[in-house]
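Q: This is run26.cif, which holds mmCIF, C-alpha atoms and all ligand atoms:
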```cif
data_input
loop_
_atom_site.label_atom_id
_atom_site.label_comp_id
_atom_site.auth_asym_id
_atom_site.auth_seq_id
_atom_site.Cartn_x
_atom_site.Cartn_y
_atom_site.Cartn_z
CA MET A 1427 0.00 0.00 0.00
CA SER A 1428 1.27 3.49 -0.78
CA ASN A 1429 2.15 5.82 2.00
CA LEU A 1430 -0.68 8.08 1.00
CA GLY A 1431 -3.14 5.20 1.19
CA LEU A 1432 -1.92 4.30 4.64
CA LEU A 1433 -2.18 7.90 5.75
CA THR A 1434 -5.75 8.15 4.46
CA LEU A 1435 -6.71 4.96 6.25
CA THR A 1436 -5.14 6.18 9.48
CA VAL A 1437 -7.03 9.46 9.27
CA ILE A 1438 -10.31 7.64 8.68
CA ALA A 1439 -9.62 5.24 11.54
CA THR A 1440 -8.83 8.13 13.88
CA GLN A 1441 -11.97 9.98 12.89
CA THR A 1442 -14.07 6.89 13.40
CA ALA A 1443 -12.55 6.36 16.82
CA ALA A 1444 -13.28 9.97 17.77
CA PHE A 1445 -16.83 9.56 16.51
CA ALA A 1446 -17.31 6.40 18.53
CA GLN A 1447 -16.25 8.37 21.59
CA GLN A 1448 -19.30 10.64 21.40
CA GLY A 1449 -21.24 10.33 24.56
CA ASP A 1450 -24.89 9.51 24.87
CA VAL A 1451 -26.59 12.38 26.70
CA THR A 1452 -29.58 10.28 27.78
CA ARG A 1453 -27.42 7.56 29.27
CA GLY A 1454 -25.27 10.26 30.84
CA GLN A 1455 -28.32 11.74 32.53
CA GLN A 1456 -28.97 8.35 34.14
CA ASP A 1457 -25.33 8.11 35.18
CA PHE A 1458 -25.61 11.51 36.85
CA ARG A 1459 -27.67 9.83 39.59
CA ALA A 1460 -24.34 8.91 41.15
CA CYS A 1461 -23.68 12.62 41.58
CA ALA A 1462 -27.13 14.12 42.13
CA ALA A 1463 -27.24 13.47 45.86
CA CYS A 1464 -24.39 15.96 46.24
CA HIS A 1465 -24.47 18.22 43.17
CA SER A 1466 -27.18 20.36 41.66
CA LEU A 1467 -27.09 21.73 38.13
CA GLU A 1468 -28.91 24.89 39.10
CA ALA A 1469 -26.73 27.98 39.46
CA ASN A 1470 -25.48 28.48 43.04
CA ARG A 1471 -27.71 25.77 44.50
CA ASN A 1472 -25.03 24.15 46.62
CA MET A 1473 -25.49 20.95 48.59
CA THR A 1474 -22.79 18.61 49.94
CA GLY A 1475 -20.84 19.62 46.86
CA PRO A 1476 -20.82 22.79 44.75
CA SER A 1477 -23.38 23.48 42.01
CA LEU A 1478 -22.02 22.27 38.68
CA ALA A 1479 -23.82 24.92 36.60
CA GLU A 1480 -21.44 26.59 34.12
CA LEU A 1481 -18.66 24.16 35.00
CA TRP A 1482 -16.68 24.25 31.76
CA GLY A 1483 -13.96 26.90 31.92
CA ARG A 1484 -14.38 27.35 35.68
CA LYS A 1485 -11.38 27.29 37.99
CA ALA A 1486 -11.43 24.24 40.29
CA GLY A 1487 -12.62 25.32 43.71
CA GLY A 1488 -13.67 28.62 42.20
CA LEU A 1489 -17.42 28.92 42.78
CA ALA A 1490 -17.70 31.91 45.11
CA SER A 1491 -21.01 30.82 46.68
CA PHE A 1492 -19.65 27.41 47.82
CA GLU A 1493 -18.13 27.60 51.31
CA ARG A 1494 -16.66 24.16 51.83
CA TYR A 1495 -13.93 23.61 49.23
CA SER A 1496 -10.79 21.85 50.38
CA THR A 1497 -7.54 23.79 50.24
CA ALA A 1498 -6.25 21.03 47.97
CA LEU A 1499 -8.88 21.64 45.29
CA LYS A 1500 -8.71 25.43 45.54
CA SER A 1501 -4.95 25.47 45.10
CA SER A 1502 -4.84 22.78 42.38
CA GLY A 1503 -4.64 25.27 39.49
CA ILE A 1504 -7.00 23.11 37.43
CA ILE A 1505 -9.40 24.65 34.90
CA TRP A 1506 -12.34 22.35 34.18
CA ASP A 1507 -12.56 21.08 30.60
CA ASP A 1508 -13.19 17.74 28.85
CA ARG A 1509 -9.78 16.44 29.72
CA SER A 1510 -9.42 17.58 33.32
CA LEU A 1511 -12.97 16.44 34.14
CA ASP A 1512 -12.26 13.01 32.68
CA GLY A 1513 -9.21 12.75 34.94
CA TRP A 1514 -11.12 13.96 38.01
CA LEU A 1515 -13.96 11.52 37.45
CA THR A 1516 -11.60 8.60 36.83
CA ASP A 1517 -9.80 9.00 40.15
CA PRO A 1518 -10.33 12.22 42.14
CA ASP A 1519 -7.72 11.31 44.76
CA ARG A 1520 -5.04 10.66 42.22
CA MET A 1521 -5.65 13.93 40.43
CA VAL A 1522 -6.02 16.07 43.57
CA PRO A 1523 -4.64 14.35 46.66
CA ASP A 1524 -6.42 15.46 49.87
CA ASN A 1525 -9.52 16.66 48.05
CA GLU A 1526 -12.74 16.24 50.02
CA MET A 1527 -15.12 14.74 47.48
CA PRO A 1528 -16.36 11.45 48.99
CA PHE A 1529 -16.36 9.60 45.67
CA ASN A 1530 -14.08 6.83 44.40
CA GLY A 1531 -14.23 7.58 40.72
CA ILE A 1532 -15.65 5.87 37.64
CA LYS A 1533 -13.33 3.32 36.07
CA ASP A 1534 -15.51 2.62 33.01
CA ALA A 1535 -14.45 5.06 30.25
CA ARG A 1536 -17.77 4.60 28.43
CA VAL A 1537 -19.70 5.80 31.48
CA ARG A 1538 -17.42 8.83 31.85
CA ILE A 1539 -17.90 9.75 28.19
CA ASP A 1540 -21.70 9.59 28.49
CA LEU A 1541 -21.69 11.46 31.78
CA LEU A 1542 -19.49 14.24 30.40
CA ALA A 1543 -21.66 14.53 27.28
CA PHE A 1544 -24.67 15.03 29.53
CA LEU A 1545 -22.88 17.42 31.89
CA LYS A 1546 -21.60 19.55 29.03
CA GLU A 1547 -25.17 20.08 27.80
CA ALA A 1548 -26.76 20.46 31.21
CA THR A 1549 -24.20 22.89 32.66
CA LYS A 1550 -24.07 25.37 29.82
CA PRO A 1551 -25.58 28.75 30.51
CA GLY A 1552 -29.29 28.65 29.68
CA ALA A 1553 -29.51 24.84 29.59
CA PRO A 1554 -33.11 23.61 29.35
CA PRO A 1555 -34.74 22.95 32.75
CA GLN A 1556 -35.57 19.32 31.87
CA LEU A 1557 -31.84 18.68 31.98
CA THR A 1558 -31.05 20.66 35.12
CA GLN A 1559 -33.95 20.06 37.49
CA GLN A 1560 -33.14 17.73 40.30
CA ASP A 1561 -36.46 16.50 41.50
CA GLY A 1562 -37.06 12.89 40.69
CA MET A 1563 -33.61 12.46 39.20
CA GLY A 1564 -32.08 10.15 41.73
CA GLY A 1565 -34.98 8.30 43.29
CA SER A 1566 -34.50 7.69 46.99
CA MET A 1567 -30.71 7.68 46.80
CA GLY A 1568 -30.47 11.24 48.01
CA GLY A 1569 -31.83 10.45 51.43
CA MET A 1570 -29.73 7.35 51.79
CA MET A 1571 -26.56 9.17 50.87
CA GLY A 1572 -27.32 11.95 53.28
CA GLY A 1573 -27.76 14.53 50.54
CA GLY A 1574 -31.07 15.77 51.79
CA GLY A 1575 -30.85 18.86 49.63
CA ARG A 1576 -32.78 17.21 46.84
CA ASP A 1577 -36.00 17.05 48.76
CA PRO A 1578 -38.70 19.04 47.04
CA SER A 1579 -39.09 22.58 48.26
CA LEU A 1580 -39.92 22.84 51.96
CA LYS A 1581 -42.18 25.79 51.37
CA LYS A 1582 -46.01 25.56 51.24
CA LEU A 1583 -45.98 22.32 53.14
CA ASP A 1584 -48.80 19.99 53.87
CA PRO A 1585 -50.15 20.88 57.38
CA ALA A 1586 -48.99 17.43 58.61
CA ARG A 1587 -45.42 18.48 57.81
CA GLN A 1588 -45.53 22.00 59.16
CA VAL A 1589 -44.22 22.25 62.72
CA THR A 1590 -45.97 24.59 65.12
CA ALA A 1591 -44.37 23.53 68.43
CA VAL A 1592 -41.67 21.25 69.85
CA THR A 1593 -41.45 20.34 73.54
CA TYR A 1594 -38.75 18.38 75.34
CA CYS A 1595 -39.43 16.25 78.44
CA HIS A 1596 -37.03 13.65 79.95
CA ASP A 1597 -35.84 11.71 76.88
CA THR A 1598 -38.70 12.69 74.57
CA TYR A 1599 -39.43 15.37 72.00
CA ARG A 1600 -43.07 16.04 71.14
CA VAL A 1601 -43.64 17.65 67.79
CA THR A 1602 -46.95 19.36 67.05
CA THR A 1603 -47.87 20.06 63.45
CA ALA A 1604 -50.36 22.42 61.77
CA ASP A 1605 -52.95 19.63 61.43
CA GLY A 1606 -53.20 19.61 65.25
CA LYS A 1607 -51.43 16.25 65.74
CA THR A 1608 -48.57 15.68 68.18
CA ARG A 1609 -46.00 12.92 67.71
CA ALA A 1610 -43.49 11.73 70.30
CA PHE A 1611 -39.87 10.86 69.39
CA TRP A 1612 -37.09 9.33 71.47
CA GLU A 1613 -34.54 12.15 71.68
CA ARG A 1614 -31.94 10.30 69.64
CA ASN A 1615 -34.37 9.69 66.80
CA LEU A 1616 -35.09 13.33 66.06
CA ARG A 1617 -32.60 15.51 64.22
CA PHE A 1618 -32.58 19.27 64.00
CA ARG A 1619 -31.26 20.74 60.82
CA THR A 1620 -31.28 24.02 58.92
CA ASP A 1621 -31.71 25.03 55.29
CA SER A 1622 -31.18 28.73 54.72
CA SER A 1623 -31.37 28.40 50.91
CA ASN A 1624 -34.36 29.11 48.68
CA ALA A 1625 -35.27 25.43 48.93
CA GLY A 1626 -35.57 25.71 52.72
CA PRO A 1627 -38.77 26.19 54.74
CA ASP A 1628 -40.47 29.52 55.30
CA LYS A 1629 -39.29 31.43 58.34
CA GLY A 1630 -41.39 30.45 61.35
CA ALA A 1631 -42.68 27.30 59.62
CA PRO A 1632 -40.12 24.55 60.26
CA ALA A 1633 -40.65 21.32 58.33
CA LEU A 1634 -41.06 17.82 59.76
CA MET A 1635 -39.48 15.31 57.37
CA PRO A 1636 -39.73 11.57 58.02
CA ALA A 1637 -36.45 9.67 57.89
CA GLY A 1638 -35.46 6.02 57.95
CA MET A 1639 -37.45 2.98 57.00
CA LEU A 1640 -39.48 2.40 60.14
CA GLY A 1641 -41.05 5.80 60.57
CA ASP A 1642 -39.61 6.18 64.05
CA ARG A 1643 -37.15 8.86 62.97
CA ALA A 1644 -37.53 12.32 61.54
CA SER A 1645 -35.84 15.64 61.01
CA VAL A 1646 -37.13 19.05 61.84
CA ILE A 1647 -35.67 21.53 59.37
CA PHE A 1648 -35.49 25.18 60.38
CA THR A 1649 -34.34 28.15 58.29
CA VAL A 1650 -31.60 29.27 60.71
CA PRO A 1651 -30.27 28.04 64.08
CA GLU A 1652 -31.83 30.91 66.08
CA GLU A 1653 -35.22 29.48 65.22
CA MET A 1654 -34.42 26.24 67.05
CA SER A 1655 -34.06 27.79 70.47
CA LYS A 1656 -37.23 29.82 69.90
CA THR A 1657 -39.24 26.75 68.90
CA ILE A 1658 -37.98 24.02 71.26
CA GLU A 1659 -39.36 24.38 74.75
CA ALA A 1660 -38.35 22.21 77.74
CA ARG A 1661 -41.69 21.38 79.35
CA CYS A 1662 -43.41 18.21 80.60
C1 LIG J 1701 -21.03 12.34 48.47
C2 LIG J 1701 -21.01 13.62 47.78
C3 LIG J 1701 -20.46 13.73 46.37
C4 LIG J 1701 -20.68 12.90 45.29
C5 LIG J 1701 -21.48 11.61 45.27
C6 LIG J 1701 -20.04 13.51 44.17
N1 LIG J 1701 -19.43 14.68 44.54
FE1 LIG J 1701 -18.41 15.94 43.32
N2 LIG J 1701 -17.87 17.05 44.94
C7 LIG J 1701 -18.28 16.83 46.24
C8 LIG J 1701 -17.57 17.74 47.13
C9 LIG J 1701 -17.72 17.84 48.64
C10 LIG J 1701 -16.72 18.52 46.31
C11 LIG J 1701 -15.70 19.56 46.76
C12 LIG J 1701 -14.39 18.78 46.98
C13 LIG J 1701 -13.24 19.58 47.52
O1 LIG J 1701 -13.39 20.79 47.75
O2 LIG J 1701 -12.17 18.97 47.69
C14 LIG J 1701 -16.95 18.07 44.93
C15 LIG J 1701 -16.33 18.62 43.81
C16 LIG J 1701 -16.66 18.30 42.51
C17 LIG J 1701 -16.19 19.00 41.34
C18 LIG J 1701 -15.31 20.23 41.34
C19 LIG J 1701 -16.22 21.45 41.25
C20 LIG J 1701 -15.57 22.79 41.39
O3 LIG J 1701 -16.31 23.77 41.59
O4 LIG J 1701 -14.33 22.88 41.33
C21 LIG J 1701 -16.74 18.38 40.25
C22 LIG J 1701 -16.54 18.76 38.79
C23 LIG J 1701 -17.53 17.28 40.74
N3 LIG J 1701 -17.45 17.26 42.11
C24 LIG J 1701 -18.24 16.42 39.93
C25 LIG J 1701 -18.90 15.29 40.42
C26 LIG J 1701 -19.56 14.33 39.57
C27 LIG J 1701 -19.70 14.45 38.06
C28 LIG J 1701 -20.04 13.34 40.39
C29 LIG J 1701 -20.74 12.06 39.99
C30 LIG J 1701 -20.01 11.16 39.17
C31 LIG J 1701 -19.71 13.71 41.76
N4 LIG J 1701 -19.02 14.89 41.73
C32 LIG J 1701 -20.07 13.00 42.87
C33 LIG J 1701 -19.20 15.90 46.65
C34 LIG J 1701 -19.65 14.85 45.88
#
```
Re-express the file's structure as structure tokens.

A:
Amino acid sequence: MSNLGLLTLTVIATQTAAFAQQGDVTRGQQDFRACAACHSLEANRNMTGPSLAELWGRKAGGLASFERYSTALKSSGIIWDDRSLDGWLTDPDRMVPDNEMPFNGIKDARVRIDLLAFLKEATKPGAPPQLTQQDGMGGSMGGMMGGGGRDPSLKKLDPARQVTAVTYCHDTYRVTTADGKTRAFWERNLRFRTDSSNAGPDKGAPALMPAGMLGDRASVIFTVPEEMSKTIEARC
């Protein structure tokens, strides 16, 4: 075969390989479930991890509204693009030792290609909401992984979820809700949390959210910590 023939073949083969590498956005959206407990795609909606909106071209650790970056990630000097994201998702610890993303990485290149194809679409400015909205994306995984932030909005709650009073007596919290019912919890089964974001409850209307499989546990979510001391009263 002539050199030119060989060259042409090589070029075709390379192009075909590159074409085969195109990710499948729909599959990638499914794969994003592994991330959705910790990452939103809505601008500045931060959860365990930073929002991934407008990720391409961003400096690693550079989202001003996210408060919990590790020093390692902030000082890594990485700019996020196809290549650096592929490295990060393959093995975060290898790429940025001492980072604080609790995730082992994705060893299957195919999955990374699909996921990145999806992310590239869903994180661009003005991406369509059907790609970026969280609700329903990850099934019940969010709760199990401690994400919590993916619960639907805590505003305009059902009266059975809206807390009007909490009392504490011996080892028991009693939580009264807007439907007039009072439920008792062993003190170690009730958690108090806050959500000061737009997804959080209305001020003065903390939310009672069931937790765990048996229905014996729950969280009361306030807007800010000051509300807790105002709401919880020690009284038998
Ligand atoms: C259990 C929670 C968790 C999961 C699951 C998770 N991440 Fe993260 N992610 C984080 C945290 C926390 C950080 C910040 C790490 C740091 O500062 O060291 C982070 C950082 C990142 C960053 C850097 C963002 C920036 O602003 O520099 C990217 C990109 C990212 N994650 C993508 C993903 C993708 C894609 C997935 C799914 C395959 C995923 N993460 C899964 C918690 C998570």

Q: Identify which of the residues A:Phe1529, A:Phe1544, A:Phe1648, A:Tyr1599 lies closest to ligand LIG 1701 (chain J), counting all atoms listed in the file when measuring atom-to-atom distances.

A: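 Counting all atoms listed in the file, the residue closest to ligand LIG 1701 (chain J) is A:Phe1529.
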
Q: Could I get the residues of chain A with an atom no further than 6 Å from an atom of ligand LIG 1701 (chain J), each paired with its nearest atom pair and that distance in Å to one decimal, using only C-alpha atoms and all ligand atoms, sorted by chain and residue number, as a Markdown table?

A:
```
| residue | atom | partner | partner_atom | distance |
| --- | --- | --- | --- | --- |
| A:Phe1458 | CA | J:LIG1701 | C29 | 5.8 |
| A:Ala1460 | CA | J:LIG1701 | C29 | 4.9 |
| A:Cys1461 | CA | J:LIG1701 | C29 | 3.4 |
| A:Cys1464 | CA | J:LIG1701 | C2 | 4.4 |
| A:Thr1474 | CA | J:LIG1701 | C9 | 5.3 |
| A:Gly1475 | CA | J:LIG1701 | C8 | 3.8 |
| A:Pro1476 | CA | J:LIG1701 | O3 | 5.6 |
| A:Ala1486 | CA | J:LIG1701 | O4 | 3.4 |
| A:Gly1487 | CA | J:LIG1701 | O4 | 3.8 |
| A:Gly1488 | CA | J:LIG1701 | O3 | 5.6 |
| A:Leu1489 | CA | J:LIG1701 | O3 | 5.4 |
| A:Tyr1495 | CA | J:LIG1701 | O1 | 3.2 |
| A:Ser1496 | CA | J:LIG1701 | O1 | 3.8 |
| A:Leu1499 | CA | J:LIG1701 | O2 | 4.9 |
| A:Asn1525 | CA | J:LIG1701 | O2 | 3.5 |
| A:Glu1526 | CA | J:LIG1701 | O2 | 3.6 |
| A:Met1527 | CA | J:LIG1701 | C8 | 3.9 |
| A:Pro1528 | CA | J:LIG1701 | C1 | 4.8 |
| A:Phe1529 | CA | J:LIG1701 | C4 | 5.4 |
```

Q: Find, counting only C-alpha atoms, the residue in A:Met1654, A:Leu1640, A:Val1537, A:Ala1543 that gets nearest to Thr1593 (chain A).

A: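 The answer is A:Met1654, which sits nearest to Thr1593 (chain A).
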
Q: Between A:Ala1535, A:Ala1498, A:Ala1490, A:Met1635, which has the minimum distance to Met1521 (chain A) (counting only C-alpha atoms)?

A: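 So, comparing all the options, the nearest one is A:Ala1498.
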
Q: Hey, which of A:Ala1463, A:Leu1515, A:Met1473, A:Ala1625 ends up closest to Phe1492 (chain A)? Count all atoms listed in the file.

A: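 Closest candidate: A:Met1473.
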
Q: Within 7 Å of (-45.2, 18.7, 68.7) (coordinates as in the file), grab all the protein and nucleic acid residues, counting all atoms listed in the file, and write them out as a list in words.

A: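 All residues meeting the 7 Å criterion around (-45.2, 18.7, 68.7) are Thr1590, Ala1591, Val1592, Thr1593, Arg1600, Val1601, Thr1602, Thr1603, Thr1608 and Arg1609 of chain A.
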
Q: Would you mind listing what lies within 10 Å of Asp1534 (chain A) as a PDB file with C-alpha atoms, keeping the file's coordinate frame, with all atoms listed in the file counted and same-chain residues fewer than 4 positions away left out?

A:
```
ATOM      1  CA  THR A1516     -11.600   8.600  36.830  1.00  0.00           C
ATOM      2  CA  ARG A1538     -17.420   8.830  31.850  1.00  0.00           C
ATOM      3  CA  ILE A1539     -17.900   9.750  28.190  1.00  0.00           C
TER       4      ILE A1539
END
```

Q: Please compute the CA of Gly1531 (chain A)-CA of Ala1469 (chain A) distance, one decimal, in Å.

A: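 Between CA of Gly1531 (chain A) and CA of Ala1469 (chain A) the gap is 24.0 Å.
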
Q: Using Å and a single decimal, report how far CA of Glu1613 (chain A) sits from CA of Tyr1594 (chain A).

A: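 So the answer is 8.4 Å.
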
Q: Just how far from CA of Asp1605 (chain A) is CA of Ala1644 (chain A), in Å to one decimal?

A: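 Separation between CA of Ala1644 (chain A) and CA of Asp1605 (chain A): 17.1 Å.
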
Q: Taking (-16.5, 26.2, 31.8) in the file's coordinates as the center, which residues reach within 9 Å of it, counting all atoms listed in the file, put as a PDB file with C-alpha atoms, keeping the file's coordinate frame?

A:
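Below you can see point.pdb, which holds the result:
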```pdb
ATOM      1  CA  ALA A1479     -23.820  24.920  36.600  1.00  0.00           C
ATOM      2  CA  GLU A1480     -21.440  26.590  34.120  1.00  0.00           C
ATOM      3  CA  LEU A1481     -18.660  24.160  35.000  1.00  0.00           C
ATOM      4  CA  TRP A1482     -16.680  24.250  31.760  1.00  0.00           C
ATOM      5  CA  GLY A1483     -13.960  26.900  31.920  1.00  0.00           C
ATOM      6  CA  ARG A1484     -14.380  27.350  35.680  1.00  0.00           C
ATOM      7  CA  LYS A1485     -11.380  27.290  37.990  1.00  0.00           C
ATOM      8  CA  ILE A1505      -9.400  24.650  34.900  1.00  0.00           C
ATOM      9  CA  TRP A1506     -12.340  22.350  34.180  1.00  0.00           C
ATOM     10  CA  ASP A1507     -12.560  21.080  30.600  1.00  0.00           C
ATOM     11  CA  LYS A1546     -21.600  19.550  29.030  1.00  0.00           C
ATOM     12  CA  THR A1549     -24.200  22.890  32.660  1.00  0.00           C
ATOM     13  CA  LYS A1550     -24.070  25.370  29.820  1.00  0.00           C
TER      14      LYS A1550
END
```

Q: Between A:Gln1556, A:Gln1448, A:Asn1624, A:Ser1501, which residue has the minimum interatomic distance to Ser1579 (chain A), considering only C-alpha atoms?

A: A:Asn1624
